[in-house]
>>> print(open('query_0.pdb').read())   # PDB, C-alpha atoms
ATOM      1  CA  MET V   1      12.075  -6.484  -6.125  1.00  0.00           C
ATOM      2  CA  HIS V   2       9.232  -4.038  -5.878  1.00  0.00           C
ATOM      3  CA  MET V   3       5.496  -4.186  -5.391  1.00  0.00           C
ATOM      4  CA  GLU V   4       2.719  -1.820  -6.442  1.00  0.00           C
ATOM      5  CA  LEU V   5      -0.884  -1.629  -5.293  1.00  0.00           C
ATOM      6  CA  VAL V   6      -3.241   0.171  -7.661  1.00  0.00           C
ATOM      7  CA  LEU V   7      -6.326   1.749  -6.138  1.00  0.00           C
ATOM      8  CA  ALA V   8      -8.592   4.773  -6.297  1.00  0.00           C
ATOM      9  CA  PRO V   9      -6.515   7.962  -6.447  1.00  0.00           C
ATOM     10  CA  GLU V  10      -8.057   9.408  -3.295  1.00  0.00           C
ATOM     11  CA  ASP V  11      -7.110   6.283  -1.298  1.00  0.00           C
ATOM     12  CA  ALA V  12      -3.387   6.222  -2.156  1.00  0.00           C
ATOM     13  CA  PRO V  13      -2.133   8.835   0.345  1.00  0.00           C
ATOM     14  CA  GLU V  14      -4.145   7.328   3.201  1.00  0.00           C
ATOM     15  CA  LEU V  15      -2.955   3.791   2.464  1.00  0.00           C
ATOM     16  CA  ALA V  16       0.653   5.013   2.312  1.00  0.00           C
ATOM     17  CA  ALA V  17       0.201   6.677   5.708  1.00  0.00           C
ATOM     18  CA  ARG V  18      -1.389   3.567   7.223  1.00  0.00           C
ATOM     19  CA  VAL V  19       1.347   1.202   6.076  1.00  0.00           C
ATOM     20  CA  ALA V  20       3.979   3.621   7.340  1.00  0.00           C
ATOM     21  CA  GLY V  21       2.313   3.143  10.728  1.00  0.00           C
ATOM     22  CA  ILE V  22       3.187  -0.571  10.677  1.00  0.00           C
ATOM     23  CA  GLY V  23       6.773   0.120   9.653  1.00  0.00           C
ATOM     24  CA  ALA V  24       6.452  -0.429   5.892  1.00  0.00           C
ATOM     25  CA  PRO V  25       6.785   3.078   4.427  1.00  0.00           C
ATOM     26  CA  ALA V  26       5.798   3.415   0.783  1.00  0.00           C
ATOM     27  CA  SER V  27       5.738   6.073  -1.874  1.00  0.00           C
ATOM     28  CA  TRP V  28       2.566   6.961  -3.698  1.00  0.00           C
ATOM     29  CA  ARG V  29       1.600   8.763  -6.881  1.00  0.00           C
ATOM     30  CA  ILE V  30      -1.165   9.176  -9.415  1.00  0.00           C
ATOM     31  CA  ARG V  31      -0.598   7.266 -12.667  1.00  0.00           C
ATOM     32  CA  ARG V  32      -3.125   7.268 -15.500  1.00  0.00           C
ATOM     33  CA  GLY V  33      -5.848   8.455 -13.163  1.00  0.00           C
ATOM     34  CA  ARG V  34      -5.264   5.723 -10.569  1.00  0.00           C
ATOM     35  CA  GLY V  35      -3.473   5.813  -7.233  1.00  0.00           C
ATOM     36  CA  VAL V  36      -0.304   3.705  -7.050  1.00  0.00           C
ATOM     37  CA  VAL V  37       1.354   2.804  -3.740  1.00  0.00           C
ATOM     38  CA  THR V  38       4.870   1.388  -4.225  1.00  0.00           C
ATOM     39  CA  TRP V  39       7.487  -0.473  -2.177  1.00  0.00           C
ATOM     40  CA  LYS V  40      10.890  -0.740  -3.852  1.00  0.00           C
ATOM     41  CA  SER V  41      12.719  -3.197  -1.604  1.00  0.00           C
ATOM     42  CA  ILE V  42      12.226  -6.747  -0.409  1.00  0.00           C
ATOM     43  CA  ASP V  43      12.445  -5.495   3.164  1.00  0.00           C
ATOM     44  CA  GLY V  44       9.520  -3.134   2.624  1.00  0.00           C
ATOM     45  CA  VAL V  45       7.386  -5.820   0.975  1.00  0.00           C
ATOM     46  CA  LEU V  46       8.090  -8.398   3.687  1.00  0.00           C
ATOM     47  CA  THR V  47       7.409  -5.842   6.421  1.00  0.00           C
ATOM     48  CA  LEU V  48       4.105  -4.998   4.739  1.00  0.00           C
ATOM     49  CA  PHE V  49       2.992  -8.655   4.621  1.00  0.00           C
ATOM     50  CA  ALA V  50       4.112  -9.255   8.200  1.00  0.00           C
ATOM     51  CA  GLY V  51       2.205  -6.180   9.343  1.00  0.00           C
ATOM     52  CA  TRP V  52      -0.969  -7.300   7.599  1.00  0.00           C
ATOM     53  CA  ALA V  53      -0.658 -10.726   9.208  1.00  0.00           C
ATOM     54  CA  ARG V  54      -0.008  -9.188  12.635  1.00  0.00           C
ATOM     55  CA  VAL V  55      -3.083  -6.945  12.579  1.00  0.00           C
ATOM     56  CA  GLY V  56      -5.284  -9.536  10.860  1.00  0.00           C
ATOM     57  CA  GLU V  57      -6.250  -7.336   7.921  1.00  0.00           C
ATOM     58  CA  CYS V  58      -5.980  -7.854   4.207  1.00  0.00           C
ATOM     59  CA  PRO V  59      -5.285  -5.356   1.413  1.00  0.00           C
ATOM     60  CA  GLY V  60      -8.910  -5.360   0.246  1.00  0.00           C
ATOM     61  CA  ALA V  61     -10.103  -4.270   3.681  1.00  0.00           C
ATOM     62  CA  TRP V  62      -7.594  -1.409   3.672  1.00  0.00           C
ATOM     63  CA  SER V  63      -8.534  -0.151   0.219  1.00  0.00           C
ATOM     64  CA  ARG V  64     -12.287  -0.090   0.833  1.00  0.00           C
ATOM     65  CA  GLY V  65     -14.480   1.458   3.458  1.00  0.00           C
ATOM     66  CA  TRP V  66     -11.993   2.765   5.978  1.00  0.00           C
TER
END
>>> encode(input="query_0.pdb", output="structure tokens")
Amino acid sequence: MHMELVLAPEDAPELAARVAGIGAPASWRIRRGRGVVTWKSIDGVLTLFAGWARVGECPGAWSRGW
């Protein structure tokens, strides 16, 4: 299992750093002019969702206006 979040290219490295801070490290890259943040294991995806639930934030809040 893997999961990708597609966002503005300038936001990808910051999002990857933030999710690493909650224990869900991800890789990031630029693909077709968009930023792509990727988790390639079920453990990473579940840790990401648990972290979002723990801090009470959602992906949309993280990808806009930080």
>>> atom_distance(input="query_0.pdb", atom1="CA of Val37 in chain V", atom2="CA of Leu15 in chain V")
7.6 Å
>>> atom_distance(input="query_0.pdb", atom1="CA of Pro13 in chain V", atom2="CA of Met1 in chain V")
21.9 Å
>>> resolve_selection(input="query_0.pdb", expression="the PyMOL selection byres ((chain V and resi 26) around 6)", output="JSON list (two decimals) with C-alpha atoms, in the frame of the given file")
[["chain", "number", "residue", "atom", "x", "y", "z"],
["V", 16, "ALA", "CA", 0.65, 5.01, 2.31],
["V", 25, "PRO", "CA", 6.78, 3.08, 4.43],
["V", 27, "SER", "CA", 5.74, 6.07, -1.87],
["V", 38, "THR", "CA", 4.87, 1.39, -4.22],
["V", 39, "TRP", "CA", 7.49, -0.47, -2.18]]
>>> closest_residue(input="query_0.pdb", among="V:Ala12, V:Ser41, V:Ile22, V:Ala17", to="Ala53 in chain V", atoms="all atoms listed in the file")
V:Ile22
>>> closest_residue(input="query_0.pdb", among="V:Gly23, V:Gly44, V:Gly51, V:Gly35", to="Leu5 in chain V", atoms="only C-alpha atoms")
V:Gly35
>>> atom_distance(input="query_0.pdb", atom1="CA of Ala8 in chain V", atom2="CA of Ala20 in chain V")
18.6 Å
>>> closest_residue(input="query_0.pdb", among="V:Glu4, V:Glu14, V:Arg29, V:Val19", to="Ala50 in chain V", atoms="only C-alpha atoms")
V:Val19
>>> axis_aligned_box(input="query_0.pdb", around="range 17-36 of chain V", padding_each_side="3 Å", output="JSON")
{"center_x": 0.5, "center_y": 4.3, "center_z": -2.4, "size_x": 18.6, "size_y": 15.7, "size_z": 32.2}
>>> closest_residue(input="query_0.pdb", among="V:Asp11, V:Leu48, V:His2, V:Asp43", to="Ile30 in chain V", atoms="only C-alpha atoms")
V:Asp11
>>> closest_residue(input="query_0.pdb", among="V:Arg31, V:Val36, V:Ala24, V:Phe49", to="Leu7 in chain V", atoms="only C-alpha atoms")
V:Val36
>>> build_atoms(input="query_0.pdb", residues="range 10-41 of chain V", atoms="N, CA and C atoms", output="PDB file, keeping the file's coordinate frame")
ATOM      1  N   GLU V  10      -7.864   8.766  -4.598  1.00  0.00           N
ATOM      2  CA  GLU V  10      -8.057   9.408  -3.295  1.00  0.00           C
ATOM      3  C   GLU V  10      -7.638   8.515  -2.121  1.00  0.00           C
ATOM      4  N   ASP V  11      -7.500   7.206  -2.362  1.00  0.00           N
ATOM      5  CA  ASP V  11      -7.110   6.283  -1.298  1.00  0.00           C
ATOM      6  C   ASP V  11      -5.597   6.113  -1.144  1.00  0.00           C
ATOM      7  N   ALA V  12      -4.830   6.463  -2.174  1.00  0.00           N
ATOM      8  CA  ALA V  12      -3.387   6.222  -2.156  1.00  0.00           C
ATOM      9  C   ALA V  12      -2.665   6.913  -0.997  1.00  0.00           C
ATOM     10  N   PRO V  13      -2.880   8.217  -0.755  1.00  0.00           N
ATOM     11  CA  PRO V  13      -2.133   8.835   0.345  1.00  0.00           C
ATOM     12  C   PRO V  13      -2.489   8.254   1.712  1.00  0.00           C
ATOM     13  N   GLU V  14      -3.743   7.900   1.913  1.00  0.00           N
ATOM     14  CA  GLU V  14      -4.145   7.328   3.201  1.00  0.00           C
ATOM     15  C   GLU V  14      -3.554   5.936   3.399  1.00  0.00           C
ATOM     16  N   LEU V  15      -3.561   5.117   2.346  1.00  0.00           N
ATOM     17  CA  LEU V  15      -2.955   3.791   2.464  1.00  0.00           C
ATOM     18  C   LEU V  15      -1.460   3.910   2.759  1.00  0.00           C
ATOM     19  N   ALA V  16      -0.781   4.817   2.061  1.00  0.00           N
ATOM     20  CA  ALA V  16       0.653   5.013   2.312  1.00  0.00           C
ATOM     21  C   ALA V  16       0.895   5.420   3.767  1.00  0.00           C
ATOM     22  N   ALA V  17       0.054   6.267   4.302  1.00  0.00           N
ATOM     23  CA  ALA V  17       0.201   6.677   5.708  1.00  0.00           C
ATOM     24  C   ALA V  17      -0.063   5.513   6.655  1.00  0.00           C
ATOM     25  N   ARG V  18      -1.072   4.702   6.348  1.00  0.00           N
ATOM     26  CA  ARG V  18      -1.389   3.567   7.223  1.00  0.00           C
ATOM     27  C   ARG V  18      -0.288   2.529   7.248  1.00  0.00           C
ATOM     28  N   VAL V  19       0.295   2.213   6.085  1.00  0.00           N
ATOM     29  CA  VAL V  19       1.347   1.202   6.076  1.00  0.00           C
ATOM     30  C   VAL V  19       2.639   1.735   6.706  1.00  0.00           C
ATOM     31  N   ALA V  20       2.837   3.031   6.634  1.00  0.00           N
ATOM     32  CA  ALA V  20       3.979   3.621   7.340  1.00  0.00           C
ATOM     33  C   ALA V  20       3.836   3.391   8.837  1.00  0.00           C
ATOM     34  N   GLY V  21       2.591   3.379   9.313  1.00  0.00           N
ATOM     35  CA  GLY V  21       2.313   3.143  10.728  1.00  0.00           C
ATOM     36  C   GLY V  21       2.673   1.744  11.205  1.00  0.00           C
ATOM     37  N   ILE V  22       2.773   0.786  10.284  1.00  0.00           N
ATOM     38  CA  ILE V  22       3.187  -0.571  10.677  1.00  0.00           C
ATOM     39  C   ILE V  22       4.650  -0.819  10.315  1.00  0.00           C
ATOM     40  N   GLY V  23       5.347   0.244   9.932  1.00  0.00           N
ATOM     41  CA  GLY V  23       6.773   0.120   9.653  1.00  0.00           C
ATOM     42  C   GLY V  23       7.128  -0.256   8.233  1.00  0.00           C
ATOM     43  N   ALA V  24       6.196  -0.094   7.299  1.00  0.00           N
ATOM     44  CA  ALA V  24       6.452  -0.429   5.892  1.00  0.00           C
ATOM     45  C   ALA V  24       6.207   0.801   5.019  1.00  0.00           C
ATOM     46  N   PRO V  25       7.030   1.845   5.179  1.00  0.00           N
ATOM     47  CA  PRO V  25       6.785   3.078   4.427  1.00  0.00           C
ATOM     48  C   PRO V  25       6.807   2.840   2.918  1.00  0.00           C
ATOM     49  N   ALA V  26       5.936   3.561   2.231  1.00  0.00           N
ATOM     50  CA  ALA V  26       5.798   3.415   0.783  1.00  0.00           C
ATOM     51  C   ALA V  26       5.702   4.797   0.153  1.00  0.00           C
ATOM     52  N   SER V  27       5.988   4.844  -1.126  1.00  0.00           N
ATOM     53  CA  SER V  27       5.738   6.073  -1.874  1.00  0.00           C
ATOM     54  C   SER V  27       4.396   5.916  -2.572  1.00  0.00           C
ATOM     55  N   TRP V  28       3.820   7.033  -2.951  1.00  0.00           N
ATOM     56  CA  TRP V  28       2.566   6.961  -3.698  1.00  0.00           C
ATOM     57  C   TRP V  28       2.559   8.040  -4.765  1.00  0.00           C
ATOM     58  N   ARG V  29       1.746   7.803  -5.797  1.00  0.00           N
ATOM     59  CA  ARG V  29       1.600   8.763  -6.881  1.00  0.00           C
ATOM     60  C   ARG V  29       0.315   8.473  -7.639  1.00  0.00           C
ATOM     61  N   ILE V  30      -0.026   9.377  -8.518  1.00  0.00           N
ATOM     62  CA  ILE V  30      -1.165   9.176  -9.415  1.00  0.00           C
ATOM     63  C   ILE V  30      -0.586   8.828 -10.785  1.00  0.00           C
ATOM     64  N   ARG V  31      -1.042   7.699 -11.343  1.00  0.00           N
ATOM     65  CA  ARG V  31      -0.598   7.266 -12.667  1.00  0.00           C
ATOM     66  C   ARG V  31      -1.825   6.876 -13.481  1.00  0.00           C
ATOM     67  N   ARG V  32      -1.994   7.544 -14.603  1.00  0.00           N
ATOM     68  CA  ARG V  32      -3.125   7.268 -15.500  1.00  0.00           C
ATOM     69  C   ARG V  32      -4.463   7.320 -14.783  1.00  0.00           C
ATOM     70  N   GLY V  33      -4.582   8.260 -13.871  1.00  0.00           N
ATOM     71  CA  GLY V  33      -5.848   8.455 -13.163  1.00  0.00           C
ATOM     72  C   GLY V  33      -6.086   7.507 -11.998  1.00  0.00           C
ATOM     73  N   ARG V  34      -5.129   6.670 -11.678  1.00  0.00           N
ATOM     74  CA  ARG V  34      -5.264   5.723 -10.569  1.00  0.00           C
ATOM     75  C   ARG V  34      -4.191   6.011  -9.529  1.00  0.00           C
ATOM     76  N   GLY V  35      -4.477   5.697  -8.281  1.00  0.00           N
ATOM     77  CA  GLY V  35      -3.473   5.813  -7.233  1.00  0.00           C
ATOM     78  C   GLY V  35      -2.568   4.592  -7.248  1.00  0.00           C
ATOM     79  N   VAL V  36      -1.269   4.810  -7.069  1.00  0.00           N
ATOM     80  CA  VAL V  36      -0.304   3.705  -7.050  1.00  0.00           C
ATOM     81  C   VAL V  36       0.550   3.858  -5.794  1.00  0.00           C
ATOM     82  N   VAL V  37       0.529   2.841  -4.947  1.00  0.00           N
ATOM     83  CA  VAL V  37       1.354   2.804  -3.740  1.00  0.00           C
ATOM     84  C   VAL V  37       2.458   1.789  -4.007  1.00  0.00           C
ATOM     85  N   THR V  38       3.726   2.193  -3.792  1.00  0.00           N
ATOM     86  CA  THR V  38       4.870   1.388  -4.225  1.00  0.00           C
ATOM     87  C   THR V  38       5.873   1.151  -3.103  1.00  0.00           C
ATOM     88  N   TRP V  39       6.347  -0.094  -3.025  1.00  0.00           N
ATOM     89  CA  TRP V  39       7.487  -0.473  -2.177  1.00  0.00           C
ATOM     90  C   TRP V  39       8.580  -0.920  -3.127  1.00  0.00           C
ATOM     91  N   LYS V  40       9.808  -0.438  -2.909  1.00  0.00           N
ATOM     92  CA  LYS V  40      10.890  -0.740  -3.852  1.00  0.00           C
ATOM     93  C   LYS V  40      11.994  -1.601  -3.253  1.00  0.00           C
ATOM     94  N   SER V  41      11.709  -2.295  -2.172  1.00  0.00           N
ATOM     95  CA  SER V  41      12.719  -3.197  -1.604  1.00  0.00           C
ATOM     96  C   SER V  41      12.030  -4.433  -1.042  1.00  0.00           C
TER      97      SER V  41
END
